[in-house]
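> What follows is start_22.cif; its format and atoms are mmCIF, C-alpha atoms.
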```
data_final
#
loop_
_atom_site.label_atom_id
_atom_site.label_comp_id
_atom_site.auth_asym_id
_atom_site.auth_seq_id
_atom_site.Cartn_x
_atom_site.Cartn_y
_atom_site.Cartn_z
CA MET A 1 -33.69 -5.78 1.72
CA LYS A 2 -32.14 -4.73 -1.57
CA THR A 3 -29.36 -2.56 -0.13
CA ASN A 4 -26.13 -3.84 1.36
CA PRO A 5 -25.22 -2.55 4.83
CA GLY A 6 -21.83 -4.26 4.64
CA ARG A 7 -20.40 -6.98 6.82
CA PHE A 8 -19.83 -6.46 10.52
CA PHE A 9 -17.31 -8.26 12.69
CA GLU A 10 -19.72 -11.04 13.66
CA ASP A 11 -20.38 -11.82 9.97
CA TYR A 12 -16.88 -13.23 9.32
CA GLU A 13 -15.61 -16.78 9.72
CA VAL A 14 -12.06 -18.06 9.43
CA GLY A 15 -11.68 -19.86 6.09
CA GLN A 16 -14.40 -17.81 4.40
CA VAL A 17 -13.53 -16.88 0.79
CA ILE A 18 -15.15 -13.75 -0.63
CA ARG A 19 -15.14 -12.99 -4.36
CA HIS A 20 -15.38 -9.23 -4.72
CA ALA A 21 -17.35 -7.18 -7.23
CA VAL A 22 -16.77 -5.24 -9.58
CA PRO A 23 -14.01 -5.99 -12.15
CA ARG A 24 -12.27 -2.89 -13.39
CA SER A 25 -10.55 -2.29 -16.72
CA VAL A 26 -7.51 -0.08 -16.38
CA SER A 27 -6.67 2.72 -18.78
CA GLY A 28 -4.04 5.41 -19.08
CA GLY A 29 -6.43 7.57 -17.09
CA GLU A 30 -5.37 5.81 -13.89
CA ARG A 31 -1.77 6.83 -14.51
CA ALA A 32 -2.70 10.44 -15.30
CA LEU A 33 -4.88 10.80 -12.23
CA TYR A 34 -2.33 9.06 -10.01
CA HIS A 35 0.34 11.51 -11.13
CA ALA A 36 -2.07 14.40 -10.61
CA LEU A 37 -2.85 13.32 -7.05
CA TYR A 38 0.71 12.52 -5.97
CA PRO A 39 4.09 13.99 -6.95
CA ALA A 40 4.98 10.64 -8.59
CA ARG A 41 7.97 10.88 -10.95
CA HIS A 42 9.63 7.46 -11.21
CA ALA A 43 10.75 7.13 -14.82
CA LEU A 44 9.62 3.54 -15.37
CA TYR A 45 6.01 4.60 -14.72
CA SER A 46 6.25 7.88 -16.61
CA SER A 47 7.71 6.86 -19.98
CA ASN A 48 6.93 4.03 -22.38
CA GLU A 49 10.35 4.51 -23.97
CA PHE A 50 12.17 4.29 -20.62
CA ALA A 51 10.21 1.12 -19.77
CA ARG A 52 11.00 -0.46 -23.15
CA ALA A 53 14.69 0.35 -22.69
CA SER A 54 14.39 -1.50 -19.37
CA GLY A 55 13.04 -4.65 -21.03
CA LEU A 56 9.32 -4.17 -20.45
CA PRO A 57 6.77 -4.03 -23.28
CA ASP A 58 5.43 -0.66 -22.11
CA SER A 59 5.18 1.50 -19.02
CA PRO A 60 3.01 -0.23 -16.39
CA ILE A 61 0.73 1.75 -14.13
CA ASP A 62 2.37 2.62 -10.81
CA ASP A 63 2.65 -0.29 -8.38
CA MET A 64 0.65 1.55 -5.74
CA ALA A 65 -2.07 2.50 -8.24
CA ALA A 66 -2.50 -1.20 -9.03
CA PHE A 67 -2.53 -1.93 -5.29
CA HIS A 68 -5.25 0.68 -4.68
CA ILE A 69 -7.47 -0.80 -7.39
CA VAL A 70 -7.14 -4.34 -6.01
CA PHE A 71 -7.56 -3.06 -2.45
CA GLY A 72 -10.58 -0.96 -3.39
CA LYS A 73 -12.41 -3.99 -4.77
CA SER A 74 -12.20 -5.61 -1.32
CA VAL A 75 -13.51 -2.67 0.69
CA PRO A 76 -17.30 -3.23 0.34
CA ASP A 77 -16.89 -6.76 1.69
CA ILE A 78 -14.06 -6.30 4.20
CA SER A 79 -13.87 -2.75 5.50
CA LEU A 80 -17.12 -0.95 4.70
CA ASN A 81 -17.80 -0.76 8.44
CA ALA A 82 -14.18 -0.36 9.44
CA VAL A 83 -12.90 1.90 12.17
CA ALA A 84 -9.41 1.79 10.66
CA ASN A 85 -7.15 -0.27 8.43
CA LEU A 86 -4.34 -1.32 10.76
CA GLY A 87 -1.54 -2.98 8.86
CA TYR A 88 -0.08 -5.11 6.06
CA ALA A 89 2.27 -8.06 5.64
CA GLU A 90 3.47 -10.49 2.98
CA ALA A 91 2.50 -8.20 0.10
CA ARG A 92 4.07 -9.21 -3.22
CA TRP A 93 3.70 -7.74 -6.71
CA LEU A 94 3.50 -10.79 -8.99
CA ARG A 95 3.28 -9.20 -12.46
CA PRO A 96 2.98 -5.64 -13.81
CA VAL A 97 -0.41 -4.14 -14.61
CA TYR A 98 -0.72 -2.39 -17.98
CA PRO A 99 -3.41 -0.15 -19.47
CA GLY A 100 -5.99 -2.50 -20.97
CA ASP A 101 -5.79 -5.05 -18.15
CA THR A 102 -8.94 -5.87 -16.18
CA LEU A 103 -8.50 -6.45 -12.46
CA ARG A 104 -10.64 -8.27 -9.91
CA SER A 105 -10.02 -9.35 -6.30
CA GLU A 106 -10.89 -12.06 -3.84
CA SER A 107 -10.08 -12.43 -0.14
CA GLU A 108 -9.79 -15.27 2.35
CA VAL A 109 -10.46 -14.62 6.04
CA ILE A 110 -7.40 -15.98 7.86
CA GLY A 111 -7.95 -14.59 11.36
CA LEU A 112 -10.39 -12.99 13.80
CA LYS A 113 -9.97 -11.42 17.22
CA GLN A 114 -12.62 -9.49 19.13
CA ASN A 115 -11.37 -6.42 20.99
CA SER A 116 -11.75 -6.12 24.75
CA SER A 117 -14.41 -3.41 24.41
CA GLY A 118 -16.75 -5.89 22.74
CA LYS A 119 -17.71 -3.21 20.23
CA THR A 120 -15.15 -4.00 17.51
CA GLY A 121 -12.88 -6.76 16.34
CA VAL A 122 -9.91 -7.27 14.05
CA VAL A 123 -10.41 -9.17 10.79
CA TYR A 124 -7.34 -10.61 9.02
CA VAL A 125 -7.60 -11.35 5.29
CA ARG A 126 -5.34 -12.43 2.47
CA THR A 127 -6.39 -10.59 -0.71
CA THR A 128 -5.32 -11.54 -4.22
CA GLY A 129 -5.75 -9.45 -7.35
CA PHE A 130 -6.17 -11.16 -10.72
CA ASN A 131 -6.02 -9.90 -14.29
CA GLN A 132 -8.32 -10.83 -17.18
CA HIS A 133 -6.39 -14.07 -17.72
CA ASP A 134 -7.03 -15.12 -14.10
CA LEU A 135 -3.33 -14.66 -13.41
CA PRO A 136 -2.49 -13.15 -10.01
CA VAL A 137 -0.96 -9.69 -10.18
CA MET A 138 -0.48 -9.20 -6.44
CA GLU A 139 -1.34 -10.56 -3.03
CA PHE A 140 -1.24 -9.13 0.47
CA VAL A 141 -2.34 -9.76 4.03
CA ARG A 142 -4.05 -6.93 5.86
CA TRP A 143 -5.89 -6.54 9.12
CA VAL A 144 -8.68 -4.12 9.79
CA MET A 145 -10.70 -3.08 12.83
CA VAL A 146 -14.41 -3.59 12.10
CA ARG A 147 -17.47 -2.56 14.11
CA LYS A 148 -19.87 -5.09 15.60
CA HIS A 149 -23.56 -4.65 14.75
CA ASP A 150 -24.92 -6.99 17.42
CA LEU A 151 -22.96 -6.23 20.57
CA ASP A 152 -24.40 -9.37 22.18
CA ALA A 153 -23.05 -11.66 19.46
CA PRO A 154 -20.56 -14.06 21.05
CA ALA A 155 -16.89 -13.49 20.42
CA PRO A 156 -15.37 -16.00 18.00
CA GLU A 157 -12.41 -18.09 18.98
CA ALA A 158 -9.40 -15.82 18.58
CA VAL A 159 -7.22 -16.72 15.59
CA VAL A 160 -4.27 -14.44 14.90
CA PRO A 161 -2.30 -15.57 11.84
CA GLN A 162 1.48 -15.73 11.92
CA THR A 163 2.95 -13.83 9.00
CA ALA A 164 6.54 -13.68 7.84
CA ALA A 165 8.47 -10.73 9.23
CA VAL A 166 10.19 -10.23 5.87
CA VAL A 167 9.50 -11.47 2.34
CA ASP A 168 12.61 -13.45 1.44
CA PRO A 169 14.46 -11.86 -1.51
CA SER A 170 14.27 -15.22 -3.31
CA ASP A 171 10.47 -14.85 -3.25
CA LEU A 172 10.50 -11.49 -5.01
CA VAL A 173 8.94 -11.84 -8.47
CA ILE A 174 10.99 -10.01 -11.09
CA PRO A 175 8.92 -8.91 -14.12
CA ALA A 176 9.76 -10.91 -17.21
CA GLY A 177 12.39 -9.15 -19.31
CA LEU A 178 13.35 -6.51 -16.72
CA ASP A 179 16.91 -5.44 -17.52
CA PHE A 180 18.72 -2.43 -16.06
CA SER A 181 22.01 -3.14 -17.85
CA HIS A 182 21.65 -0.02 -20.00
CA TYR A 183 19.82 2.10 -17.43
CA ASP A 184 19.82 5.84 -18.16
CA PHE A 185 20.57 7.53 -14.84
CA GLY A 186 20.33 10.98 -16.39
CA LEU A 187 16.75 10.47 -17.49
CA ALA A 188 15.86 8.74 -14.20
CA GLY A 189 16.93 11.81 -12.22
CA GLU A 190 19.66 10.58 -9.86
CA PRO A 191 22.98 8.68 -10.17
CA HIS A 192 22.59 6.41 -7.13
CA ARG A 193 22.75 2.60 -7.50
CA VAL A 194 21.96 -0.15 -4.98
CA GLY A 195 25.63 -0.22 -3.93
CA ASP A 196 25.58 3.49 -3.11
CA TYR A 197 23.22 2.91 -0.18
CA GLU A 198 24.66 1.64 3.11
CA ILE A 199 22.66 -0.46 5.55
CA GLY A 200 21.61 1.86 8.37
CA GLU A 201 21.76 4.97 6.17
CA GLN A 202 18.91 7.42 6.72
CA ILE A 203 17.54 9.80 4.08
CA ASP A 204 15.42 12.87 4.75
CA HIS A 205 13.28 13.35 1.65
CA VAL A 206 12.97 17.06 2.48
CA ASP A 207 9.70 17.90 0.72
CA GLY A 208 6.20 18.02 2.17
CA VAL A 209 2.64 17.99 0.84
CA THR A 210 -0.41 19.25 2.73
CA ILE A 211 -3.35 16.84 2.49
CA GLU A 212 -6.45 18.39 0.93
CA GLU A 213 -9.93 17.08 1.72
CA ALA A 214 -11.09 17.22 -1.90
CA GLU A 215 -8.02 15.46 -3.30
CA HIS A 216 -8.20 12.69 -0.71
CA MET A 217 -11.87 12.07 -1.49
CA MET A 218 -11.19 12.13 -5.23
CA ALA A 219 -8.43 9.54 -4.76
CA THR A 220 -10.60 7.29 -2.62
CA ARG A 221 -13.41 7.46 -5.17
CA LEU A 222 -10.93 6.77 -7.97
CA TRP A 223 -10.02 3.47 -6.29
CA GLN A 224 -13.73 2.76 -5.68
CA ASN A 225 -12.96 2.52 -1.98
CA THR A 226 -16.35 2.84 -0.29
CA SER A 227 -15.27 2.71 3.37
CA LYS A 228 -17.64 5.02 5.23
CA THR A 229 -14.94 6.48 7.45
CA HIS A 230 -13.36 8.19 4.43
CA PHE A 231 -16.55 9.89 3.23
CA ASP A 232 -19.05 10.19 6.06
CA ALA A 233 -18.03 12.55 8.87
CA THR A 234 -20.84 11.49 11.20
CA PRO A 235 -19.59 8.13 12.61
CA ARG A 236 -16.52 9.67 14.26
CA ALA A 237 -16.94 11.59 17.52
CA ASP A 238 -14.63 14.33 16.22
CA GLY A 239 -16.68 14.78 13.03
CA LYS A 240 -13.67 14.23 10.77
CA ARG A 241 -13.16 12.03 7.74
CA LEU A 242 -10.21 9.69 8.16
CA ILE A 243 -7.70 9.89 5.31
CA TYR A 244 -7.34 6.53 3.54
CA GLY A 245 -4.06 4.98 4.68
CA GLY A 246 -3.12 4.07 1.11
CA HIS A 247 -3.29 7.78 0.25
CA VAL A 248 -0.55 8.37 2.83
CA ILE A 249 1.52 5.46 1.45
CA SER A 250 1.35 6.85 -2.08
CA MET A 251 2.19 10.36 -0.93
CA ALA A 252 5.20 9.14 1.06
CA ARG A 253 6.39 6.89 -1.78
CA ALA A 254 6.17 9.81 -4.21
CA LEU A 255 8.04 12.11 -1.81
CA SER A 256 10.79 9.49 -1.49
CA PHE A 257 11.76 10.15 -5.12
CA ASN A 258 14.05 12.86 -3.75
CA GLY A 259 16.88 10.55 -2.67
CA LEU A 260 15.48 7.31 -4.08
CA ALA A 261 14.65 8.21 -7.68
CA ASN A 262 16.05 4.89 -8.92
CA ALA A 263 13.92 2.77 -6.58
CA GLN A 264 11.82 2.06 -9.63
CA MET A 265 9.56 -0.89 -8.74
CA ILE A 266 8.06 -2.11 -5.48
CA GLY A 267 8.74 -5.83 -5.11
CA ALA A 268 7.09 -6.48 -1.76
CA ILE A 269 5.78 -4.95 1.44
CA ASN A 270 7.16 -6.81 4.45
CA ALA A 271 5.16 -4.96 7.08
CA GLY A 272 3.20 -1.78 7.39
CA SER A 273 1.47 0.09 10.18
CA HIS A 274 -0.75 3.15 10.10
CA ALA A 275 0.66 4.48 13.35
CA ASN A 276 -1.64 7.48 13.83
CA PRO A 277 -4.63 8.87 11.93
CA CYS A 278 -4.20 11.42 9.16
CA PHE A 279 -6.69 14.21 8.49
CA ALA A 280 -7.09 16.97 5.94
CA GLY A 281 -4.75 19.83 6.74
CA ASP A 282 -1.90 17.58 7.89
CA THR A 283 1.36 18.15 6.01
CA VAL A 284 2.97 14.83 5.12
CA ARG A 285 6.75 14.50 5.03
CA ALA A 286 8.84 11.37 4.70
CA TRP A 287 12.18 9.82 5.57
CA SER A 288 13.71 6.44 4.78
CA GLU A 289 16.16 4.06 6.39
CA VAL A 290 18.10 1.41 4.45
CA LEU A 291 17.52 -1.98 6.10
CA ASP A 292 19.13 -4.47 3.71
CA ARG A 293 20.42 -5.16 0.19
CA ALA A 294 20.00 -8.31 -1.89
CA GLU A 295 20.84 -9.78 -5.27
CA VAL A 296 18.09 -10.85 -7.65
CA ASP A 297 18.11 -12.90 -10.83
CA ALA A 298 17.77 -10.19 -13.46
CA PRO A 299 20.49 -8.38 -15.43
CA GLY A 300 21.53 -5.09 -13.86
CA VAL A 301 18.83 -5.33 -11.17
CA GLY A 302 19.24 -5.40 -7.40
CA ALA A 303 16.92 -5.16 -4.40
CA LEU A 304 16.98 -2.65 -1.57
CA ARG A 305 14.97 -3.10 1.61
CA LEU A 306 13.75 0.20 3.00
CA ARG A 307 11.80 1.57 5.92
CA LEU A 308 9.60 4.44 4.73
CA VAL A 309 8.20 6.66 7.47
CA ALA A 310 5.55 9.31 6.85
CA THR A 311 5.10 12.05 9.43
CA LYS A 312 2.97 15.10 10.16
CA GLY A 313 5.61 17.12 11.98
CA GLY A 314 8.28 16.17 14.46
CA GLU A 315 11.99 15.74 13.82
CA PRO A 316 13.20 13.47 11.00
CA PHE A 317 14.36 10.01 12.06
CA THR A 318 12.27 9.97 15.25
CA LEU A 319 9.87 7.03 15.38
CA LYS A 320 9.00 5.64 18.82
CA GLY A 321 9.09 6.85 22.39
CA GLU A 322 10.71 5.20 25.39
CA ASP A 323 7.52 3.20 25.90
CA GLY A 324 7.98 1.58 22.48
CA LYS A 325 4.89 3.26 21.05
CA TYR A 326 4.87 5.35 17.90
CA LEU A 327 5.28 9.05 18.50
CA PRO A 328 2.15 11.15 17.80
CA HIS A 329 3.58 12.71 14.63
CA VAL A 330 4.26 9.36 12.92
CA LEU A 331 1.60 8.42 10.36
CA LEU A 332 3.12 5.43 8.58
CA ASP A 333 5.85 2.88 9.16
CA LEU A 334 6.36 0.81 5.99
CA ASP A 335 9.00 -1.91 5.48
CA TYR A 336 9.33 -2.80 1.79
CA TRP A 337 11.59 -4.08 -1.00
CA VAL A 338 12.31 -2.07 -4.16
CA LEU A 339 14.01 -3.04 -7.41
CA MET A 340 16.71 -0.68 -8.70
CA PRO A 341 19.88 -0.73 -10.82
CA VAL A 342 23.10 -2.20 -9.43
#
```
Show how you would write the structure in this file as structure tokens.

Amino acid sequence: MKTNPGRFFEDYEVGQVIRHAVPRSVSGGERALYHALYPARHALYSSNEFARASGLPDSPIDDMAAFHIVFGKSVPDISLNAVANLGYAEARWLRPVYPGDTLRSESEVIGLKQNSSGKTGVVYVRTTGFNQHDLPVMEFVRWVMVRKHDLDAPAPEAVVPQTAAVVDPSDLVIPAGLDFSHYDFGLAGEPHRVGDYEIGEQIDHVDGVTIEEAEHMMATRLWQNTSKTHFDATPRADGKRLIYGGHVISMARALSFNGLANAQMIGAINAGSHANPCFAGDTVRAWSEVLDRAEVDAPGVGALRLRLVATKGGEPFTLKGEDGKYLPHVLLDLDYWVLMPV
């Protein structure tokens, strides 16, 4: 056979390292398309001059755009036959990605657990993205539900990796030269510093964006994400394409600008869950909760830990029911660190 049907659950082994094709050189086109697909307006990713005034050589591409490229490389080997991408942990951005960089990815299988139905299983991987100098630009753990091809294949020994609940602030990697000492709040869009946010404070980001089928598919193709569930409507009983979870993350992150305009860079994702599926026609809204604040070793820079929740209806600041399960309108629950001026 010349064609690749993708890996199924029984094709994975704990300890397996997979080097993903195909390297991708990044251009300013990624930034333009990212800003066309999402209402992204953070100044550091919009202006070379703003980035230079903040100590960087130029404006990097958006953190989530870099994530999508690295993630997309892994899809043909990890989640081509996925039912759903379930969650994230221990994600860290290790160095900015600039136009002209070439990115590649590799993943290590760190856990496996067959589901009780015997038809699917959960695969846990740690994926690392590298630039053209073989320097890591990011790493993350994710777990994905994958179909079995041979339903009679024996279940592997269950291995569920233990991941840190929170990336310690001391493990956040601050980009070389980043300096917010002379930060221009007027150009950034809001006056709020790290110290203006209280732990426990909740912010309704007000705005909403209705997900369009064509835009979602364009985004998923842009990231070279080939997961069948995002393109092919036939595998699902309801005949719908599942919206890529990263599309929801980027939409919610962009919506969070209204209230968090100075949350310029993502330092880490502590945990993330795609609570319920998203489909074309859903209107995504977002709210945030401040979980923690921390000092970092960079002039004028601090860290804020946030919970970002994306919804498709329901009241703001509602998350789980009395049974502890996510409410049906909750799409995303993301716990992450951002870097912003003090």
> Could you write out as a PyMOL selection string the residues that the PyMOL selection byres ((chain A and resi 168) around 12) matches in the shown file?
chain A and resi 90-92+164-167+169-173+267-270+292-296+303+305+336-337
> Compare A:Glu30, A:Asp63, A:His149, A:Ser273 by their minimum atom-to-atom distance to Arg221 (chain A), counting only C-alpha atoms, and give me the closest one.
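The shortest atom-to-atom distance to Arg221 (chain A) comes from A:Glu30.
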> Evaluating the PyMOL selection byres ((chain A and resi 64) around 10) on the displayed file yields which residues, as a ChimeraX atom specification?
/A:34,61-63,65-71,93,246-247,249-250,253,265-266
> May I ask for the distance between CA of Val83 (chain A) and CA of Thr210 (chain A), given in Å to one decimal place?
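Computed distance, CA of Val83 (chain A) to CA of Thr210 (chain A), equals 23.4 Å.
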> Need to verify the contact set: Ala263 (chain A), 7 Å, all atoms listed in the file, exclusion of same-chain residues closer than 6 positions in sequence. Can you return it as an MDAnalysis selection string?
chainID A and resid 338:340
> Once the PyMOL selection byres ((chain A and resi 208) around 6) has been evaluated on this model, what residues remain selected, and can you format them as a CSV table (one decimal) with C-alpha atoms, in the coordinates of the input?

```
chain,number,residue,atom,x,y,z
A,207,ASP,CA,9.7,17.9,0.7
A,209,VAL,CA,2.6,18.0,0.8
A,284,VAL,CA,3.0,14.8,5.1
A,285,ARG,CA,6.8,14.5,5.0
```
> Could you pull the residues within 8 Å of region 175-188 of chain A, counting only C-alpha atoms, minus those fewer than 6 positions along the same chain, as a ChimeraX atom specification?
/A:42-43,53-56,94-96,261-262,298-301,340-342
> Just C-alpha atoms for this one: save the residues we selected as a CSV table (one decimal), in the frame of the given file.

```
chain,number,residue,atom,x,y,z
A,42,HIS,CA,9.6,7.5,-11.2
A,43,ALA,CA,10.8,7.1,-14.8
A,53,ALA,CA,14.7,0.4,-22.7
A,54,SER,CA,14.4,-1.5,-19.4
A,55,GLY,CA,13.0,-4.6,-21.0
A,56,LEU,CA,9.3,-4.2,-20.4
A,94,LEU,CA,3.5,-10.8,-9.0
A,95,ARG,CA,3.3,-9.2,-12.5
A,96,PRO,CA,3.0,-5.6,-13.8
A,261,ALA,CA,14.6,8.2,-7.7
A,262,ASN,CA,16.0,4.9,-8.9
A,298,ALA,CA,17.8,-10.2,-13.5
A,299,PRO,CA,20.5,-8.4,-15.4
A,300,GLY,CA,21.5,-5.1,-13.9
A,301,VAL,CA,18.8,-5.3,-11.2
A,340,MET,CA,16.7,-0.7,-8.7
A,341,PRO,CA,19.9,-0.7,-10.8
A,342,VAL,CA,23.1,-2.2,-9.4
```
